[in-house]
Each structure stands twice: as C-alpha cells, then as structure tokens.
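*Asks:* Pasting in a structure now, in structure tokens, and then I'll have a few things to ask.
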Amino acid sequence: MMTQQNLDNFKQKKKIFIRTFGCQMNEYDSNRIYDTVKKIGYEKTENYEEANCYLLNTCHIRDKAKEKVYHEIGRVKKKFRSKSKPLVIVAGCVAQAEHEEMLKREPFIDLVLGPQAYHKINDTILKHQVKKEKWEETDFDAISKFKYLSKIKNQKSKISSFLTIQEGCDKFCHFCVVPYTRGPEYSRPFDQIINETKELVNNGTKEIILLGQNVNAYNFENYKLSNLIYELEKISEIKRIRYTTSHPKDMTDDLINVYKNSKKLMPLVHLPVQSGSDKILDLMNRKHSIKTYLEIFNRLKKINSNIKFSSDFIIAYPGEDENDFEDTIKLIDEIEFINSFSFIFSPRPGTVAAKLPLIDRKKSLERLEVVQQKLFNNQIKLNKKLENSTINVLVENRTDDKSKLFGRSEYMTSVLFSGSDDLIGKVVKVKINNSNQNTLFGEAIKKINQKVA
C-alpha cells in the first residue's frame with residue numbers, strides 16, 4: 001500500500017518524456033497525460049535522455065505499428081545502457097491490442113496503458129514504485145476517464161487546440177482496428193466539453209478542433225455535434241471551429257444546416273470516403289454509398305459554394321479491380337478533394353480484412369501514385385488560385401527560425417508571411433503572393449487609420 005511518506009518521497013521533481021505517434025487524438029491524450037502526472041511530481045522534458053519516465057503513446061492504424069514500438073524501445077535501451085533506467089510506459093492503441101505480448105516480449109517495458117485507462121496512470125506509476133511489478137491497465141472505461149480528467153485543468157496553451165469530445169466506434173469497418181482498441185462509441189458530457197473549452201480559451205486558444213473517431217456521431221442526452229458547435233460559437237474568444245474525423249452515415253440534416261447558420265465553423269469538410277466504388281465500400285462494410293456521399297457534397301455546396309472537401313482513401317483494398325480504381329479516380333475528379341490522405345491497404349490483426357488476399361504490391365504502389373498525384377494537383381490548383389487574392393489567416397506562432405509568422409487559412413493550408421508578434425492569436429488579412437503544394441506565402445494587409453490634424 002502506498003503510504004503518505006512514500007508518496008511524498010516520490011513527488012520529488014522527476015522528468016517525463018512522451019513520444020506521440022498517430023492521430024490528433026493521441027496528441028490530445030498526450031497533453032492530458034502531462035497535465036495528470038504533474039500531480040505526482042513529474043515535469044515535462046523535450047530531451048528523452050534526461051527523462052526519469054519515457055512514455056510512448058502509440059497508434060495502431062498504420063502499417064507495422066507494433067514493430068515500430070519495439071524499434072523505438074530498442075533505441076531507448078541503447079541510450080540508457082550506461083545510465084539509470086527510466087520508467088518505461090507504452091500507452092495507446094498498440095498497447096491496448098498487444099498488452100500481454102508486450103510485457104512478455106520486451107523486459108524493458110514496465111507498464112502498459114490502454115487509451116481508456118489514462119486516468120489510472122498516477123496510481124499505476126505509484127503502485128509500480130512500491131511493488132516494482134510490471135503492470136497493465138487496459139479496461140474500456142471512458143466514463144471514468146473523462147470524469148477524472150474533467151477535474152484536472154487542461155493547461156495546453158496553443159492558439160489552435162484539439163479537444164476530444166467522442167471516442168470509440170460502433171461501425172466495425174472490416175479494415176479498422178478502432179472498435180477493438182478504443183472500444184464502443186462514447187460521447188463526453190456536454191458540460192465537460194464546454195468547461196474544458198473555457199479552460200483552453202483562458203490559456204489563449206482561438207480555434208477549437210473537436211475530435212472523435214466518429215466525431216459527428218456525438219450524442220449526449222440528445223445534444224448532438226450541431227448543438228455543441230452552436231454553443232461554442234457563443235464564446236466570443238473562439239474565432240474558428242473545426243471537427244474531425246466524421247463518417248458519411250452520421251452527416252445528419254442538423255449538422256449540414258450548421259454550415260448555413262454558423263459564422264465560426266470553417267468551410268473545410270473532412271469526410272472520409274475510402275473508395276469511389278460501391279462494391280469496395282460494401283466489402284469494407286462502410287454503410288454508405290457513393291450516391292449518398294455525393295448527395296451530402298451537393299447539399300453542402302448548395303449552402304456554400306466555397307466549401308471544400310478533404311478525405312481519406314484506402315488504395316488496393318482486397319478485391320479492388322481496375323473498374324473499382326477508376327471509380328475512385330472519377331470521384332476525386334468530381335469533388336476535387338484537397339488536404340487528403342491516401343494509403344495502400346495494410347491488414348490490421350483482429351479485423352475481418354486481416355487475412356484477405358492482398359493485391360500485387362507493384363500494382364498497389366502504381367495506383368497509390370496516381371491517386372496521390374491527383375490529390376496533390378488539386379491542392380496545387382487551389383493554392384495557385386489564391387495567388388494575388390486576400391485571405392483570412394489565423395496566426396498561430398512564429399516559424400522555428402523566427403523569420404516569419406505562421407498561420408492557417410480557412411482550409412487548413414499553412415501560410416507564411418512577415419509581421420509583428422502582436423498579430424499572433426488574431427485573424428488577419430494576408431495577400432497571397434505565391435505558393436507551392438503545401439504552403440501559401442504572402443504579406444499582411446496593414447490598415448492605416450490616419451486622423452485628420
């Protein structure tokens with residue numbers, strides 16, 4: 001049992017380093033872990049070689065995720081050969097999926113935490129301190145997790161901040177591991193989200209990006225994502241609202257209508273389609289068709305012709321033939337997606353698609369190259385169109401070399417321009433002079449207010 005004396009001894013200042021893989025939700029989780037472990041005396045370090053605790057926050061979505069974890073742990077082992085071993089924690093989705101194997105396979109790992117057990121991290125660390133036993137916490141307990149985190153102030157101080165409002169998934173797409181690593185869909189209490197937003201605003205946040213595995217499935221006591229956006233819009237300090245990642249099945253009328261009424265919801269809709277072929281969507285168990293996807297697209301474009309779509313694409317899914325691939329190309333041409341992600345299918349253990357026969361690697365790479373070139377061209381075309389025009393930019397910070405201000409357009413495109421620090425945190429008008437695939441370059445439009453003498 002942890003005595004007060006043991007706890008007091010442990011609370012001497014220690015340093016924790018967190019390496020985060022994967023999605024925005026993992027970034028949010030890592031920040032909340034930092035907020036939590038401060039309670040037991042840890043302070044953040046950017047240099048893992050001086051850490052007393054090394055935590056790896058993992059993602060199971062991409063290829064070879066498990067092996068990347070062991071590779072990273074091996075790198076840390078080498079660095080600490082001649083030093084005192086840090087407490088090593090593996091957290092996140094790979095930890096959830098592989099917890100038993102991890103503790104057996106890699107003795108350097110001390111603790112394993114699933115993504116729904118972060119509220120237990122302090123107790124787990126303190127138990128390990130006393131008993132020196134390896135430990136794993138992988139229960140699905142989102143209710144307790146967010147109830148606990150709601151009592152710990154979110155101390156993140158960024159102009160643009162992530163905020164998780166929903167976790168888990170009930171869709172069971174055949175390629176996806178999320179239902180097995182994040183559990184069933186859970187929506188955070190409405191008041192928790194509003195209160196945490198206000199904490200972030202007090203820290204200087206001007207843009208909120210609402211996160212969820214199926215963020216537009218948010219539903220707490222009949223409050224939906226649309227209600228949440230309207231409520232957040234009332235907070236005067238919030239200048240922009242975004243959300244990701246959404247599912248076509250949950251793009252309901254009330255949410256579509258928000259784009260008609262909201263002044264702060266940005267006109268970029270990230271709506272993963274995965275494939276342009278109904279046959280492949282059916283094999284994926286996506287529960288939407290291309291017809292319904294295009295209906296959503298056309299309704300939103302009718303509301304606001306400036307709305308743009310971004311998406312996710314899985315290329316060379318098992319069963320994809322040339323006709324299916326051409327359907328994807330046609331959809332990309334029709335919608336002109338920007339800021340999109342595309343990957344070759346990679347099987348995730350435990351999913352329905354895990355053991356399906358793969359398409360030839362050379363052919364898969366060729367298809368991916370075609371898709372990515374289409375998507376890159378769309379981005380270049382949009383950026384080129386913006387040259388010599390003036391756009392609204394939310395200024396986030398200075399570049400690493402301090403020479404330019406960095407901000408983002410309404411479509412999440414990076415913008416670099418000269419200006420003074422007093423512009424940070426403001427939405428300013430920037431004239432775009434030139435561009436490349438990823439970035440817009442310009443100059444701030446200065447307002448000259450001259451008083452008559």
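As shown in the structure tokens, the chain order sets the letters A, B, ...; within each chain, residues go from 1, and ligands are also counted from 1 in the order they appear.
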Find the residues of stretch 284-355 of chain A that sit at most 12 Å from stretch 50-66 of chain A; for each, write down the nearest two atoms and how far apart they are in Å, to one decimal. Count only C-alpha atoms. Sort by chain, then by number going up, and give it as JSON lines.

*Replies:*
{"residue": "A:Ile314", "atom": "CA", "partner": "A:Arg62", "partner_atom": "CA", "distance": 11.2}
{"residue": "A:Ser342", "atom": "CA", "partner": "A:Arg62", "partner_atom": "CA", "distance": 11.3}
{"residue": "A:Phe343", "atom": "CA", "partner": "A:Arg62", "partner_atom": "CA", "distance": 8.7}
{"residue": "A:Ile344", "atom": "CA", "partner": "A:Asp63", "partner_atom": "CA", "distance": 9.2}
{"residue": "A:Phe345", "atom": "CA", "partner": "A:Asp63", "partner_atom": "CA", "distance": 8.5}
{"residue": "A:Ser346", "atom": "CA", "partner": "A:Asp63", "partner_atom": "CA", "distance": 5.7}
{"residue": "A:Pro347", "atom": "CA", "partner": "A:Asp63", "partner_atom": "CA", "distance": 7.6}
{"residue": "A:Arg348", "atom": "CA", "partner": "A:Ile61", "partner_atom": "CA", "distance": 7.6}
{"residue": "A:Pro349", "atom": "CA", "partner": "A:His60", "partner_atom": "CA", "distance": 9.6}
{"residue": "A:Gly350", "atom": "CA", "partner": "A:His60", "partner_atom": "CA", "distance": 11.5}
{"residue": "A:Thr351", "atom": "CA", "partner": "A:Ile61", "partner_atom": "CA", "distance": 11.6}
{"residue": "A:Ala354", "atom": "CA", "partner": "A:Asp63", "partner_atom": "CA", "distance": 11.9}

*Asks:* Can you pull out every residue within 8 Å of A:Tyr259, counting only C-alpha atoms, but drop anything in the same chain fewer than 5 positions away, and send it as JSON, numbers by chain?

*Replies:* {"A": [265, 267, 300, 303, 304]}

*Asks:* Apply DSSP to the structure's backbone, then extract all residues of stretch 58-205 of chain A labelled helix (DSSP H, G or I) and return them as a JSON list (two decimals) with N, CA and C atoms, in the first residue's frame.

*Replies:*
[["chain", "number", "residue", "atom", "x", "y", "z"],
["A", 65, "ALA", "N", 2.73, -1.05, -37.12],
["A", 65, "ALA", "CA", 2.67, -0.21, -35.91],
["A", 65, "ALA", "C", 3.35, -0.89, -34.73],
["A", 66, "LYS", "N", 3.12, -2.18, -34.58],
["A", 66, "LYS", "CA", 3.69, -2.91, -33.45],
["A", 66, "LYS", "C", 5.21, -2.93, -33.52],
["A", 67, "GLU", "N", 5.74, -3.21, -34.71],
["A", 67, "GLU", "CA", 7.20, -3.29, -34.85],
["A", 67, "GLU", "C", 7.86, -1.93, -34.63],
["A", 68, "LYS", "N", 7.16, -0.86, -34.98],
["A", 68, "LYS", "CA", 7.70, 0.48, -34.73],
["A", 68, "LYS", "C", 7.87, 0.73, -33.24],
["A", 69, "VAL", "N", 6.96, 0.17, -32.44],
["A", 69, "VAL", "CA", 7.06, 0.32, -30.98],
["A", 69, "VAL", "C", 8.32, -0.37, -30.48],
["A", 70, "TYR", "N", 8.55, -1.61, -30.89],
["A", 70, "TYR", "CA", 9.72, -2.35, -30.43],
["A", 70, "TYR", "C", 11.02, -1.70, -30.93],
["A", 71, "HIS", "N", 10.97, -1.16, -32.13],
["A", 71, "HIS", "CA", 12.15, -0.46, -32.66],
["A", 71, "HIS", "C", 12.46, 0.76, -31.79],
["A", 72, "GLU", "N", 11.42, 1.49, -31.42],
["A", 72, "GLU", "CA", 11.62, 2.68, -30.59],
["A", 72, "GLU", "C", 12.13, 2.32, -29.20],
["A", 73, "ILE", "N", 11.57, 1.28, -28.62],
["A", 73, "ILE", "CA", 12.04, 0.83, -27.30],
["A", 73, "ILE", "C", 13.50, 0.39, -27.38],
["A", 74, "GLY", "N", 13.87, -0.29, -28.46],
["A", 74, "GLY", "CA", 15.26, -0.71, -28.65],
["A", 74, "GLY", "C", 16.20, 0.49, -28.71],
["A", 75, "ARG", "N", 15.76, 1.55, -29.37],
["A", 75, "ARG", "CA", 16.58, 2.77, -29.46],
["A", 75, "ARG", "C", 16.79, 3.38, -28.08],
["A", 76, "VAL", "N", 15.73, 3.39, -27.27],
["A", 76, "VAL", "CA", 15.82, 3.95, -25.92],
["A", 76, "VAL", "C", 16.75, 3.09, -25.05],
["A", 77, "LYS", "N", 16.64, 1.77, -25.19],
["A", 77, "LYS", "CA", 17.51, 0.86, -24.42],
["A", 77, "LYS", "C", 18.99, 1.18, -24.65],
["A", 78, "LYS", "N", 19.33, 1.40, -25.91],
["A", 78, "LYS", "CA", 20.73, 1.69, -26.23],
["A", 78, "LYS", "C", 21.20, 2.97, -25.54],
["A", 79, "LYS", "N", 20.34, 3.99, -25.54],
["A", 79, "LYS", "CA", 20.72, 5.27, -24.95],
["A", 79, "LYS", "C", 20.90, 5.19, -23.44],
["A", 93, "CYS", "N", -3.11, 2.75, -28.57],
["A", 93, "CYS", "CA", -3.86, 1.68, -29.22],
["A", 93, "CYS", "C", -3.06, 0.40, -29.42],
["A", 94, "VAL", "N", -1.75, 0.51, -29.69],
["A", 94, "VAL", "CA", -0.93, -0.70, -29.80],
["A", 94, "VAL", "C", -0.85, -1.37, -28.43],
["A", 95, "ALA", "N", -0.74, -0.57, -27.38],
["A", 95, "ALA", "CA", -0.72, -1.10, -26.01],
["A", 95, "ALA", "C", -2.01, -1.87, -25.72],
["A", 96, "GLN", "N", -3.14, -1.32, -26.16],
["A", 96, "GLN", "CA", -4.43, -1.98, -25.93],
["A", 96, "GLN", "C", -4.49, -3.32, -26.65],
["A", 97, "ALA", "N", -4.01, -3.33, -27.89],
["A", 97, "ALA", "CA", -4.13, -4.54, -28.72],
["A", 97, "ALA", "C", -3.11, -5.61, -28.37],
["A", 98, "GLU", "N", -1.94, -5.20, -27.88],
["A", 98, "GLU", "CA", -0.82, -6.14, -27.74],
["A", 98, "GLU", "C", -0.30, -6.23, -26.31],
["A", 99, "HIS", "N", -1.10, -5.85, -25.33],
["A", 99, "HIS", "CA", -0.59, -5.67, -23.96],
["A", 99, "HIS", "C", 0.07, -6.91, -23.37],
["A", 100, "GLU", "N", -0.53, -8.08, -23.53],
["A", 100, "GLU", "CA", 0.04, -9.29, -22.93],
["A", 100, "GLU", "C", 1.36, -9.65, -23.59],
["A", 101, "GLU", "N", 1.39, -9.59, -24.91],
["A", 101, "GLU", "CA", 2.62, -9.93, -25.64],
["A", 101, "GLU", "C", 3.74, -8.96, -25.29],
["A", 102, "MET", "N", 3.41, -7.67, -25.15],
["A", 102, "MET", "CA", 4.44, -6.66, -24.91],
["A", 102, "MET", "C", 5.22, -6.91, -23.63],
["A", 103, "LEU", "N", 4.51, -7.18, -22.56],
["A", 103, "LEU", "CA", 5.18, -7.38, -21.27],
["A", 103, "LEU", "C", 6.03, -8.64, -21.28],
["A", 104, "LYS", "N", 5.62, -9.63, -22.09],
["A", 104, "LYS", "CA", 6.41, -10.87, -22.18],
["A", 104, "LYS", "C", 7.62, -10.68, -23.10],
["A", 105, "ARG", "N", 7.41, -10.01, -24.20],
["A", 105, "ARG", "CA", 8.44, -9.93, -25.25],
["A", 105, "ARG", "C", 9.55, -8.93, -24.91],
["A", 118, "TYR", "N", -6.11, 6.21, -19.08],
["A", 118, "TYR", "CA", -5.14, 7.24, -18.73],
["A", 118, "TYR", "C", -5.41, 7.87, -17.37],
["A", 119, "HIS", "N", -6.66, 7.81, -16.93],
["A", 119, "HIS", "CA", -6.98, 8.37, -15.61],
["A", 119, "HIS", "C", -6.35, 7.55, -14.48],
["A", 120, "LYS", "N", -5.87, 6.35, -14.82],
["A", 120, "LYS", "CA", -5.25, 5.49, -13.81],
["A", 120, "LYS", "C", -3.73, 5.59, -13.81],
["A", 121, "ILE", "N", -3.17, 6.46, -14.62],
["A", 121, "ILE", "CA", -1.71, 6.46, -14.79],
["A", 121, "ILE", "C", -0.97, 6.78, -13.50],
["A", 122, "ASN", "N", -1.48, 7.75, -12.72],
["A", 122, "ASN", "CA", -0.76, 8.11, -11.49],
["A", 122, "ASN", "C", -0.75, 6.96, -10.49],
["A", 123, "ASP", "N", -1.91, 6.34, -10.30],
["A", 123, "ASP", "CA", -1.98, 5.19, -9.37],
["A", 123, "ASP", "C", -1.09, 4.05, -9.85],
["A", 124, "THR", "N", -1.08, 3.84, -11.16],
["A", 124, "THR", "CA", -0.28, 2.74, -11.73],
["A", 124, "THR", "C", 1.21, 2.99, -11.52],
["A", 125, "ILE", "N", 1.64, 4.23, -11.75],
["A", 125, "ILE", "CA", 3.05, 4.57, -11.53],
["A", 125, "ILE", "C", 3.42, 4.41, -10.05],
["A", 126, "LEU", "N", 2.55, 4.88, -9.18],
["A", 126, "LEU", "CA", 2.85, 4.81, -7.74],
["A", 126, "LEU", "C", 2.88, 3.36, -7.25],
["A", 127, "LYS", "N", 1.98, 2.52, -7.78],
["A", 127, "LYS", "CA", 1.99, 1.10, -7.42],
["A", 127, "LYS", "C", 3.31, 0.46, -7.84],
["A", 128, "HIS", "N", 3.73, 0.78, -9.05],
["A", 128, "HIS", "CA", 4.98, 0.22, -9.56],
["A", 128, "HIS", "C", 6.16, 0.68, -8.70],
["A", 129, "GLN", "N", 6.12, 1.90, -8.24],
["A", 129, "GLN", "CA", 7.20, 2.43, -7.43],
["A", 129, "GLN", "C", 7.40, 1.61, -6.15],
["A", 130, "VAL", "N", 6.28, 1.15, -5.59],
["A", 130, "VAL", "CA", 6.34, 0.38, -4.33],
["A", 130, "VAL", "C", 6.62, -1.10, -4.59],
["A", 131, "LYS", "N", 5.85, -1.69, -5.53],
["A", 131, "LYS", "CA", 5.91, -3.15, -5.72],
["A", 131, "LYS", "C", 6.95, -3.60, -6.74],
["A", 142, "ALA", "N", -14.27, 4.70, -20.49],
["A", 142, "ALA", "CA", -14.24, 6.09, -20.94],
["A", 142, "ALA", "C", -14.98, 7.02, -19.98],
["A", 143, "ILE", "N", -16.03, 6.54, -19.34],
["A", 143, "ILE", "CA", -16.80, 7.39, -18.43],
["A", 143, "ILE", "C", -15.92, 7.86, -17.28],
["A", 144, "SER", "N", -15.26, 6.91, -16.62],
["A", 144, "SER", "CA", -14.38, 7.26, -15.50],
["A", 144, "SER", "C", -13.20, 8.11, -15.96],
["A", 145, "LYS", "N", -12.69, 7.79, -17.13],
["A", 145, "LYS", "CA", -11.54, 8.53, -17.67],
["A", 145, "LYS", "C", -11.87, 10.02, -17.80],
["A", 146, "PHE", "N", -12.97, 10.34, -18.47],
["A", 146, "PHE", "CA", -13.27, 11.75, -18.70],
["A", 146, "PHE", "C", -13.80, 12.45, -17.44],
["A", 147, "LYS", "N", -14.43, 11.69, -16.57],
["A", 147, "LYS", "CA", -14.85, 12.27, -15.29],
["A", 147, "LYS", "C", -13.62, 12.69, -14.49],
["A", 148, "TYR", "N", -12.59, 11.85, -14.50],
["A", 148, "TYR", "CA", -11.35, 12.15, -13.79],
["A", 148, "TYR", "C", -10.64, 13.35, -14.45],
["A", 149, "LEU", "N", -10.51, 13.31, -15.79],
["A", 149, "LEU", "CA", -9.80, 14.38, -16.48],
["A", 149, "LEU", "C", -10.50, 15.72, -16.37],
["A", 178, "VAL", "N", -10.08, 0.26, -34.71],
["A", 178, "VAL", "CA", -10.52, 1.19, -33.66],
["A", 178, "VAL", "C", -11.54, 0.59, -32.68],
["A", 179, "PRO", "N", -12.56, -0.15, -33.14],
["A", 179, "PRO", "CA", -13.51, -0.70, -32.15],
["A", 179, "PRO", "C", -12.86, -1.61, -31.12],
["A", 180, "TYR", "N", -11.71, -2.20, -31.50],
["A", 180, "TYR", "CA", -11.03, -3.14, -30.60],
["A", 180, "TYR", "C", -9.98, -2.45, -29.71],
["A", 181, "THR", "N", -9.57, -1.24, -30.10],
["A", 181, "THR", "CA", -8.55, -0.54, -29.31],
["A", 181, "THR", "C", -9.12, 0.65, -28.54],
["A", 190, "PHE", "N", -21.82, 17.03, -22.23],
["A", 190, "PHE", "CA", -21.84, 18.34, -22.89],
["A", 190, "PHE", "C", -21.12, 19.39, -22.05],
["A", 191, "ASP", "N", -21.45, 19.45, -20.76],
["A", 191, "ASP", "CA", -20.87, 20.48, -19.89],
["A", 191, "ASP", "C", -19.36, 20.32, -19.73],
["A", 192, "GLN", "N", -18.88, 19.07, -19.72],
["A", 192, "GLN", "CA", -17.43, 18.83, -19.63],
["A", 192, "GLN", "C", -16.70, 19.50, -20.79],
["A", 193, "ILE", "N", -17.29, 19.37, -21.98],
["A", 193, "ILE", "CA", -16.65, 19.92, -23.18],
["A", 193, "ILE", "C", -16.65, 21.45, -23.13],
["A", 194, "ILE", "N", -17.77, 22.04, -22.73],
["A", 194, "ILE", "CA", -17.85, 23.50, -22.65],
["A", 194, "ILE", "C", -16.86, 24.02, -21.62],
["A", 195, "ASN", "N", -16.79, 23.35, -20.47],
["A", 195, "ASN", "CA", -15.88, 23.79, -19.41],
["A", 195, "ASN", "C", -14.41, 23.69, -19.85],
["A", 196, "GLU", "N", -14.07, 22.59, -20.53],
["A", 196, "GLU", "CA", -12.69, 22.44, -20.98],
["A", 196, "GLU", "C", -12.35, 23.46, -22.06],
["A", 197, "THR", "N", -13.32, 23.78, -22.91],
["A", 197, "THR", "CA", -13.11, 24.82, -23.92],
["A", 197, "THR", "C", -12.78, 26.15, -23.24],
["A", 198, "LYS", "N", -13.51, 26.46, -22.18],
["A", 198, "LYS", "CA", -13.26, 27.72, -21.46],
["A", 198, "LYS", "C", -11.88, 27.74, -20.82],
["A", 199, "GLU", "N", -11.42, 26.58, -20.34],
["A", 199, "GLU", "CA", -10.05, 26.50, -19.81],
["A", 199, "GLU", "C", -9.04, 26.82, -20.92],
["A", 200, "LEU", "N", -9.26, 26.22, -22.09],
["A", 200, "LEU", "CA", -8.36, 26.45, -23.22],
["A", 200, "LEU", "C", -8.38, 27.91, -23.67],
["A", 201, "VAL", "N", -9.57, 28.50, -23.66],
["A", 201, "VAL", "CA", -9.70, 29.92, -24.02],
["A", 201, "VAL", "C", -8.91, 30.79, -23.04],
["A", 202, "ASN", "N", -8.99, 30.46, -21.76],
["A", 202, "ASN", "CA", -8.22, 31.20, -20.76],
["A", 202, "ASN", "C", -6.71, 31.06, -20.97]]

*Asks:* DSSP on the backbone, then: every residue of stretch 356-447 of chain A marked strand (DSSP E or B), written as number ranges by chain.

*Replies:* A: 390-398, 405-408, 414-418, 427-435, 439-444

*Asks:* Rank nothing, just name the residue among A:Lys13, A:Lys308, A:Lys426, A:Lys83 nearest to A:Lys206, using only C-alpha atoms.

*Replies:*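 Residue with the minimum atom-to-atom distance to A:Lys206: A:Lys426.
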
*Asks:* A:Tyr42: which residues within 8 Å, counting only C-alpha atoms, same-chain residues fewer than 6 positions away excluded, as a list in words?

*Replies:*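 So the residues in contact are Lys11, Lys13, Lys14, Lys15 and Ile16 of chain A.
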
*Asks:* Just the selected residues (C-alpha atoms), exported as a PDB file, in the first residue's frame, please.

*Replies:*
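Result file is out08.pdb:
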ATOM      1  CA  LYS A  11       6.853  13.528  -5.527  1.00  0.00           C
ATOM      2  CA  LYS A  13      10.696  16.500  -9.154  1.00  0.00           C
ATOM      3  CA  LYS A  14      11.049  13.949 -11.929  1.00  0.00           C
ATOM      4  CA  LYS A  15      11.033  14.411 -15.693  1.00  0.00           C
ATOM      5  CA  ILE A  16       8.764  12.699 -18.199  1.00  0.00           C
TER       6      ILE A  16
END

*Asks:* Any idea what the distance is between atom CA of A:Tyr186 and atom CA of A:Leu225?

*Replies:*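 Between atom CA of A:Tyr186 and atom CA of A:Leu225 the gap works out to 13.1 Å.
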
*Asks:* What's around A:Thr164 at 8 Å? Count only C-alpha atoms, leave out sequence neighbours fewer than 4 positions away in its own chain, and write the answer as a PyMOL selection string.

*Replies:* chain A and resi 25+28+210-212

*Asks:* Using only C-alpha atoms, which protein or nucleic acid residues come within 8 Å of A:Tyr243? Drop anything in the same chain fewer than 2 positions from it, and give the result as a list in words.

*Replies:*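 What passes the distance filter is Ile209, Leu210, Leu211, Val215, Ile241, Thr245, Ser246 and His270 of chain A.
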
*Asks:* Counting only C-alpha atoms, what is within 10 Å of A:Asn397, bar same-chain residues fewer than 2 positions away, as a list in words?

*Replies:* Lys158, Ile159, Leu394, Val395, Thr399, Asp400, Lys402, Lys404, Leu405, Phe406, Gly407, Asp421, Leu423, Ile424 and Gly425 of chain A

*Asks:* Could you write out the selected residues, including C-alpha atoms, as a CSV table (one decimal), in the first residue's frame?

*Replies:*
chain,number,residue,atom,x,y,z
A,158,LYS,CA,-1.9,26.9,-28.1
A,159,ILE,CA,-3.8,29.2,-30.5
A,394,LEU,CA,-5.4,32.7,-38.0
A,395,VAL,CA,-1.9,33.5,-36.8
A,399,THR,CA,8.4,29.8,-37.5
A,400,ASP,CA,11.3,28.0,-35.8
A,402,LYS,CA,11.7,33.3,-36.1
A,404,LYS,CA,8.1,34.6,-40.4
A,405,LEU,CA,4.7,34.3,-38.9
A,406,PHE,CA,2.8,31.0,-39.3
A,407,GLY,CA,-0.9,30.7,-39.6
A,421,ASP,CA,4.2,39.3,-32.7
A,423,LEU,CA,-0.7,39.5,-34.7
A,424,ILE,CA,-0.3,36.1,-33.0
A,425,GLY,CA,-3.8,34.9,-32.0

*Asks:* Please compute the atom CA of A:Ile359-atom CA of A:Pro318 distance, one decimal, in Å.

*Replies:*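 Atom CA of A:Pro318 lies at a distance of 6.2 Å from atom CA of A:Ile359.
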
*Asks:* Between A:Ile18, A:Val258, A:Cys23, A:Val273, single out the one closest to A:Glu49, counting only C-alpha atoms.

*Replies:*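 Under the stated criterion, the closest residue is A:Ile18.
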